[in-house]
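These notes concern the structure reproduced below.
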Amino acid sequence: MKISKAIFLKSAGQFKDCKRTDMPEYAFIGRSNVGKSSLINMLCNNNKLAKTSATPGKTQLINFFVINENWHLVDLPGYGYAKKSKALRDTFSALIIDYCTKRENLTCLFVLIDSRLPLQQIDLEFMQWCGEKNIPFCIIYTKADKNSKSELTKNINTIEKELLKHWEELPNTFVTSSEKGLGKEDILEFIDHTNKQKQSEI
Ligand code: GDP
């Protein structure tokens with residue numbers, strides 16, 4: 001699949017502002033600075049679509065885009081700047097929690113992980129929470145160009161070993177670089193395939 005049309009639909013500051021739709025929705029989330037905006041722009045061939053690196057602490061918004069008049073791409077707020085607290089609601093905003101648990105047409109959540117770092121506690125917590133809530137998700141490793149191939153493989157293996165301490169199997173994973181366009185086809189193929197599967201079920 002190629003993205004030939006990507007149109008900004010709206011921003012929502014609260015879950016009740018998210019417009020109901022029948023279109024399948026694919027949402028992107030991760031720690032601030034993980035490379036989410038760059039990835040969305042790479043997927044959509046548009047460097048200005050998602051705004052890069054909003055200042056932490058600013059109003060959190062969910063941004064909706066209509067892709068090829070067929071599905072929604074959703075840019076969720078970054079997490080990870082919250083105050084130290086044990087409460088999930090303080091770490092992951094009500095907006096993120098409400099969207100992930102209540103959005104009926106959410107087809108897959110892409111959780112972005114920096115391929116250069118060891119597994120971060122907050123990412124693990126978030127993915128474990130997704131598992132508990134039965135939220136379908138995939139992992140996207142970002143910034144793959146920043147390491148050598150061998151370092152990249154080593155890092156990802158270490159992350160996956162850590163994940164397998166908590167789960168029996170891994171979700172789908174994608175290795176990406178927005179700089180190099182790596183992983184774009186695989187992600188878009190996955191979305192296309194999932195959309196077709198959903199359509200055939202109707
Ligand atoms: P966001 O806060 O998650 O939306 O992250 P951004 O997309 O704004 O990226 C944060 C920083 O990482 C920026 O300086 C980007 O240029 C850089 N970055 C993002 N993706 C890549 C990538 O694939 N490769 C490299 N080398 N840098 C990246």
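Chain labels run A, B, ... following the order of the structure tokens; each chain numbers its residues from 1, and ligands are numbered from 1 in the order shown.
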Subject >> Expected answer as a VMD selection string: residues within 12 Å of ligand 1, only C-alpha atoms and all ligand atoms >> reply: chain A and resid 28 to 43 47 to 56 75 to 81 111 to 116 140 to 148 175 to 184
**OP:** Identify, on the basis of only C-alpha atoms, every residue whose closest approach to region 11-17 of chain A does not exceed 9 Å; exclude the query and any residue fewer than 3 positions from it along the same chain; express the result as a VMD selection string.
**Re:** chain A and resid 8 59 to 64 94 to 96 98 to 99 102 to 103
Filtering to C-alpha atoms, could you give me those residues as a PDB file, in the first residue's frame?
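Saved file part02.pdb follows:
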ATOM      1  CA  PHE A   8      -5.595  16.166   9.000  1.00  0.00           C
ATOM      2  CA  THR A  59      -1.714  20.538  26.357  1.00  0.00           C
ATOM      3  CA  GLN A  60      -1.959  16.925  25.318  1.00  0.00           C
ATOM      4  CA  LEU A  61      -3.850  16.281  22.132  1.00  0.00           C
ATOM      5  CA  ILE A  62      -4.819  13.335  20.008  1.00  0.00           C
ATOM      6  CA  ASN A  63      -4.450  14.135  16.316  1.00  0.00           C
ATOM      7  CA  PHE A  64      -6.525  12.292  13.738  1.00  0.00           C
ATOM      8  CA  ALA A  94      -6.579  10.082  31.246  1.00  0.00           C
ATOM      9  CA  LEU A  95      -6.694  10.963  27.571  1.00  0.00           C
ATOM     10  CA  ILE A  96      -4.356   8.095  26.629  1.00  0.00           C
ATOM     11  CA  ASP A  98      -9.563   6.558  27.776  1.00  0.00           C
ATOM     12  CA  TYR A  99      -8.618   6.443  24.113  1.00  0.00           C
ATOM     13  CA  LYS A 102     -12.722   2.946  24.933  1.00  0.00           C
ATOM     14  CA  ARG A 103     -12.054   3.552  21.261  1.00  0.00           C
TER      15      ARG A 103
END
Original post:
With distances taken over only C-alpha atoms, which of A:Leu73, A:Met1, A:Leu119, A:Ala6 is nearest to Leu164 (chain A)?
Top reply: A:Leu119
**OP:** as a list in words, list the residues of region 50-152 of chain A assigned to strand (DSSP E) by DSSP on the backbone atoms of this structure.
**Re:** Ile62, Asn63, Phe64, Phe65, Val66, Ile67, Trp71, His72, Leu73, Val74, Asp75, Leu106, Thr107, Cys108, Leu109, Phe110, Val111, Leu112, Ile113, Asp114, Phe137, Cys138, Ile139, Ile140, Tyr141 and Thr142 of chain A
**OP:** Using DSSP on the backbone coordinates, identify all residues within region 9-179 of chain A classified as alpha helix (DSSP H); present the result as a PyMOL selection string.
**Re:** chain A and resi 36-43+88-91+94-102+121-132+149-163
